[in-house]
Every structure is written in C-alpha cells, then in structure tokens.
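Dropping upload.cif in here (mmCIF, C-alpha atoms):
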data_structure
loop_
_atom_site.label_atom_id
_atom_site.label_comp_id
_atom_site.auth_asym_id
_atom_site.auth_seq_id
_atom_site.Cartn_x
_atom_site.Cartn_y
_atom_site.Cartn_z
CA MET A 1 88.62 80.25 111.23
CA ASN A 2 90.06 83.53 110.02
CA THR A 3 92.65 83.24 107.29
CA MET A 4 95.02 85.44 105.33
CA ASN A 5 96.49 84.73 101.89
CA TYR A 6 99.74 85.71 100.21
CA LYS A 7 101.05 84.22 96.93
CA GLY A 8 98.99 81.06 97.38
CA PHE A 9 100.07 80.55 100.98
CA VAL A 10 97.28 80.48 103.56
CA ALA A 11 97.70 81.42 107.21
CA LYS A 12 95.37 80.80 110.12
CA ILE A 13 94.93 84.01 112.12
CA GLU A 14 94.35 84.05 115.88
CA TYR A 15 94.65 86.54 118.69
CA ASP A 16 97.32 85.82 121.30
CA PRO A 17 96.17 87.46 124.57
CA GLU A 18 99.47 86.71 126.33
CA ILE A 19 101.35 89.12 124.06
CA ASN A 20 98.35 91.20 122.93
CA GLN A 21 99.08 90.59 119.24
CA LEU A 22 97.59 88.87 116.24
CA CYS A 23 99.36 85.65 115.34
CA GLY A 24 99.46 84.05 111.90
CA THR A 25 100.54 80.47 111.17
CA VAL A 26 101.01 79.29 107.58
CA ILE A 27 99.02 76.08 107.14
CA ASN A 28 99.79 74.92 103.60
CA SER A 29 103.58 74.65 103.76
CA ALA A 30 106.24 74.24 106.40
CA PRO A 31 104.82 75.98 109.46
CA HIS A 32 105.82 79.62 109.72
CA THR A 33 104.53 81.90 112.45
CA PHE A 34 104.40 85.69 112.36
CA TYR A 35 102.92 88.42 114.55
CA GLY A 36 101.45 91.89 114.22
CA GLU A 37 99.64 94.45 116.34
CA SER A 38 97.23 95.33 113.51
CA VAL A 39 95.84 93.66 110.41
CA ASP A 40 98.07 95.84 108.22
CA GLU A 41 101.15 94.90 110.24
CA LEU A 42 100.17 91.23 110.17
CA GLN A 43 99.77 91.34 106.36
CA CYS A 44 103.20 92.94 106.06
CA GLU A 45 104.76 90.35 108.35
CA MET A 46 103.17 87.50 106.39
CA ALA A 47 104.56 88.92 103.15
CA ASN A 48 108.02 89.30 104.73
CA THR A 49 107.89 85.77 106.15
CA ILE A 50 106.84 84.21 102.83
CA GLU A 51 109.34 86.22 100.78
CA GLU A 52 112.17 85.14 103.11
CA TYR A 53 110.98 81.53 102.88
CA LEU A 54 110.89 81.70 99.07
CA LYS A 55 114.37 83.24 99.02
CA ILE A 56 115.79 80.46 101.22
CA CYS A 57 114.09 77.80 99.08
CA ALA A 58 115.56 79.33 95.92
CA GLU A 59 119.05 79.41 97.46
CA LYS A 60 118.72 75.73 98.43
CA ASN A 61 117.03 74.79 95.13
CA GLN A 62 114.07 73.38 97.06
CA THR A 63 110.38 73.33 96.24
CA PRO A 64 108.76 75.93 98.49
CA ARG A 65 105.47 74.25 99.34
CA LYS A 66 104.75 70.84 100.68
CA THR A 67 102.39 69.23 98.23
CA TYR A 68 99.89 66.76 99.47
CA SER A 69 100.05 63.20 98.17
CA GLY A 70 96.33 62.79 97.62
CA LYS A 71 96.24 59.95 100.13
CA LEU A 72 94.09 60.59 103.16
CA HIS A 73 93.97 58.07 105.99
CA LEU A 74 90.98 58.52 108.28
CA ARG A 75 90.08 57.11 111.65
CA ILE A 76 86.33 57.15 112.08
CA ALA A 77 83.85 55.20 114.16
CA PRO A 78 83.05 51.78 112.68
CA ALA A 79 79.34 52.63 112.52
CA LEU A 80 80.11 55.77 110.50
CA HIS A 81 82.40 53.76 108.21
CA THR A 82 79.63 51.20 107.69
CA GLN A 83 77.01 53.84 106.90
CA ALA A 84 79.37 55.62 104.48
CA ALA A 85 80.07 52.34 102.68
CA ILE A 86 76.33 51.68 102.40
CA GLU A 87 75.65 55.17 101.03
CA ALA A 88 78.52 54.81 98.55
CA ALA A 89 77.17 51.48 97.32
CA LYS A 90 73.65 52.90 97.02
CA SER A 91 75.01 55.70 94.84
CA GLY A 92 76.97 53.26 92.68
CA LYS A 93 80.35 54.66 93.72
CA SER A 94 83.38 53.31 95.48
CA LEU A 95 83.78 54.50 99.05
CA ASN A 96 86.82 56.50 97.95
CA ALA A 97 84.89 58.30 95.19
CA TRP A 98 81.93 58.89 97.49
CA VAL A 99 84.13 60.44 100.21
CA ALA A 100 85.98 62.58 97.63
CA ASP A 101 82.63 63.87 96.35
CA ALA A 102 81.50 64.63 99.91
CA ILE A 103 84.69 66.58 100.60
CA GLU A 104 84.30 68.55 97.36
CA ARG A 105 80.74 69.44 98.30
CA ALA A 106 81.81 70.46 101.80
CA ILE A 107 84.49 72.84 100.56
CA GLN A 108 82.47 73.89 97.50
CA VAL A 109 85.24 73.37 94.93
#
Could I get this file's structure written as structure tokens?
Amino acid sequence: MNTMNYKGFVAKIEYDPEINQLCGTVINSAPHTFYGESVDELQCEMANTIEEYLKICAEKNQTPRKTYSGKLHLRIAPALHTQAAIEAAKSGKSLNAWVADAIERAIQV
C-alpha cells in the first residue's frame, strides 16, 4: 500500500481510473478523502485537508485524532486460535502477550 504522511496523519494513496486522479484517504482519524492529478498536488491537498480538519477541531474544542483503545477483537479460524494458544503457552506467555509480540515483529516497531 502506498501512503502519504502529514503532521502524523497517514493517508492511503490509490489511483482512481474513473476520474483519472490520485485519491488519498486518511486512515488514522476520521476518514477524509482528497484528490490530485500529481503527487505534488496530492500532497498539497492532503495538507489543506488536514489543516482544515485541525481548524474545525480547534473551533469545536475536540481532539483531532481518534485514538485507539488498545483492545483488538479478532475473528480467526478455531484451528489457528488453538495453534496460537499452544505457541503462546510454549513460550511462557499469555495469548494476549504472544499476539502483541507477533504484531510488533510484523510491523517492526
């Protein structure tokens, strides 16, 4: 996935063939979508979109970004759940700690 960053906000970037433009969608706050015909224009539009969002949040005295709770509910196959629980026990960790470690490794934090 291609992404673009501005002031800690991250947007997923895709090409929209119907309108022949690049499309950005902010993924770590309320969804905001912006468009541009070039990378430079898209960067400018993202900055404009985020600045307007921050301005509105300030006027409403609201926190700009949705923070995540730290709770993650997963639906996985029972066999995968069983194997994960076994691996967690073998490593001497709770399933929660084992999964958190696996996610950290996957995103290389």
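For the file at hand, the PyMOL selection byres ((chain A and resi 22) around 6) resolves to Glu14, Tyr15, Asp16, Gln21, Cys23, Tyr35, Gly36 and Glu37 of chain A.
Across the model, the gap from atom CA of Asn48 of chain A to atom CA of Asn20 of chain A is 20.7 Å.
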Applied to the shown file, which residues does the PyMOL selection byres ((chain A and resi 64-76) around 8) return, written as an NGL selection string? :A and (28-30 or 53-54 or 57 or 62-63 or 77-78 or 80-81)
Residue neighbourhood Lys7 of chain A, 10 Å, all atoms listed in the file, exclusion window fewer than 4 positions, as a short mmCIF file (atom, residue, chain, number, x, y, z; two decimals) with C-alpha atoms, keeping the file's coordinate frame:
data_model
loop_
_atom_site.label_atom_id
_atom_site.label_comp_id
_atom_site.auth_asym_id
_atom_site.auth_seq_id
_atom_site.Cartn_x
_atom_site.Cartn_y
_atom_site.Cartn_z
CA ALA A 47 104.56 88.92 103.15
CA ILE A 50 106.84 84.21 102.83
CA GLU A 51 109.34 86.22 100.78
#
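The result of the PyMOL selection byres ((chain A and resi 96) around 12) on the shown file is Gly70, Lys71, Leu72, His73, Leu74, His81, Ala84, Ala85, Glu87, Ala88, Ala89, Gly92, Lys93, Ser94, Leu95, Ala97, Trp98, Val99, Ala100, Asp101, Ala102 and Ile103 of chain A.
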Could you write out the selected residues, including C-alpha atoms, as a short mmCIF file (atom, residue, chain, number, x, y, z; two decimals), in the coordinates of the input?
data_model
loop_
_atom_site.label_atom_id
_atom_site.label_comp_id
_atom_site.auth_asym_id
_atom_site.auth_seq_id
_atom_site.Cartn_x
_atom_site.Cartn_y
_atom_site.Cartn_z
CA GLY A 70 96.33 62.79 97.62
CA LYS A 71 96.24 59.95 100.13
CA LEU A 72 94.09 60.59 103.16
CA HIS A 73 93.97 58.07 105.99
CA LEU A 74 90.98 58.52 108.28
CA HIS A 81 82.40 53.76 108.21
CA ALA A 84 79.37 55.62 104.48
CA ALA A 85 80.07 52.34 102.68
CA GLU A 87 75.65 55.17 101.03
CA ALA A 88 78.52 54.81 98.55
CA ALA A 89 77.17 51.48 97.32
CA GLY A 92 76.97 53.26 92.68
CA LYS A 93 80.35 54.66 93.72
CA SER A 94 83.38 53.31 95.48
CA LEU A 95 83.78 54.50 99.05
CA ALA A 97 84.89 58.30 95.19
CA TRP A 98 81.93 58.89 97.49
CA VAL A 99 84.13 60.44 100.21
CA ALA A 100 85.98 62.58 97.63
CA ASP A 101 82.63 63.87 96.35
CA ALA A 102 81.50 64.63 99.91
CA ILE A 103 84.69 66.58 100.60
#
As a check of understanding: the span from atom CA of Met1 of chain A to atom CA of Ile13 of chain A is 7.4 Å
Using atom CA of Pro31 of chain A and atom CA of Arg105 of chain A as the two end points, give the distance in Å to one decimal. 27.3 Å
Emit as lines of an AutoDock Vina configuration file the padded axis-aligned box for all listed atoms of segment 94-105 of chain A, 8 Å per side, with centre and edge lengths in Å to one decimal.
center_x = 83.8
center_y = 61.4
center_z = 97.9
size_x = 22.1
size_y = 32.1
size_z = 21.4
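The nearest approach to Met46 of chain A among the residues A:Val26, A:Ile86, A:Pro17, A:Ala79, with all atoms listed in the file taken into account, belongs to A:Val26.
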Any chance you could turn segment 65-98 of chain A into a file with C-alpha atoms, as a PDB file, in the first residue's frame?
ATOM      1  CA  ARG A  65      -7.458  12.175  16.049  1.00  0.00           C
ATOM      2  CA  LYS A  66      -9.347   9.106  17.022  1.00  0.00           C
ATOM      3  CA  THR A  67      -7.127   7.224  19.416  1.00  0.00           C
ATOM      4  CA  TYR A  68      -7.319   3.502  19.527  1.00  0.00           C
ATOM      5  CA  SER A  69      -8.377   1.834  22.769  1.00  0.00           C
ATOM      6  CA  GLY A  70      -5.746  -0.885  22.703  1.00  0.00           C
ATOM      7  CA  LYS A  71      -8.459  -3.538  22.572  1.00  0.00           C
ATOM      8  CA  LEU A  72      -8.417  -5.669  19.457  1.00  0.00           C
ATOM      9  CA  HIS A  73     -11.135  -8.242  18.867  1.00  0.00           C
ATOM     10  CA  LEU A  74     -10.208 -10.843  16.264  1.00  0.00           C
ATOM     11  CA  ARG A  75     -12.181 -13.465  14.424  1.00  0.00           C
ATOM     12  CA  ILE A  76      -9.871 -16.255  13.334  1.00  0.00           C
ATOM     13  CA  ALA A  77     -10.302 -19.908  12.497  1.00  0.00           C
ATOM     14  CA  PRO A  78     -10.547 -22.116  15.596  1.00  0.00           C
ATOM     15  CA  ALA A  79      -7.552 -24.182  14.455  1.00  0.00           C
ATOM     16  CA  LEU A  80      -5.435 -21.023  14.175  1.00  0.00           C
ATOM     17  CA  HIS A  81      -6.634 -19.885  17.613  1.00  0.00           C
ATOM     18  CA  THR A  82      -5.683 -23.275  19.056  1.00  0.00           C
ATOM     19  CA  GLN A  83      -2.224 -23.240  17.485  1.00  0.00           C
ATOM     20  CA  ALA A  84      -1.594 -19.666  18.668  1.00  0.00           C
ATOM     21  CA  ALA A  85      -2.603 -20.612  22.216  1.00  0.00           C
ATOM     22  CA  ILE A  86      -0.230 -23.595  22.103  1.00  0.00           C
ATOM     23  CA  GLU A  87       2.655 -21.461  20.830  1.00  0.00           C
ATOM     24  CA  ALA A  88       1.957 -18.828  23.486  1.00  0.00           C
ATOM     25  CA  ALA A  89       1.989 -21.455  26.231  1.00  0.00           C
ATOM     26  CA  LYS A  90       5.203 -22.974  24.877  1.00  0.00           C
ATOM     27  CA  SER A  91       6.846 -19.551  25.045  1.00  0.00           C
ATOM     28  CA  GLY A  92       5.590 -18.966  28.588  1.00  0.00           C
ATOM     29  CA  LYS A  93       3.388 -16.034  27.587  1.00  0.00           C
ATOM     30  CA  SER A  94      -0.292 -15.284  27.700  1.00  0.00           C
ATOM     31  CA  LEU A  95      -2.027 -15.437  24.340  1.00  0.00           C
ATOM     32  CA  ASN A  96      -2.504 -11.672  24.516  1.00  0.00           C
ATOM     33  CA  ALA A  97       1.224 -11.023  25.101  1.00  0.00           C
ATOM     34  CA  TRP A  98       2.192 -13.519  22.409  1.00  0.00           C
TER      35      TRP A  98
END
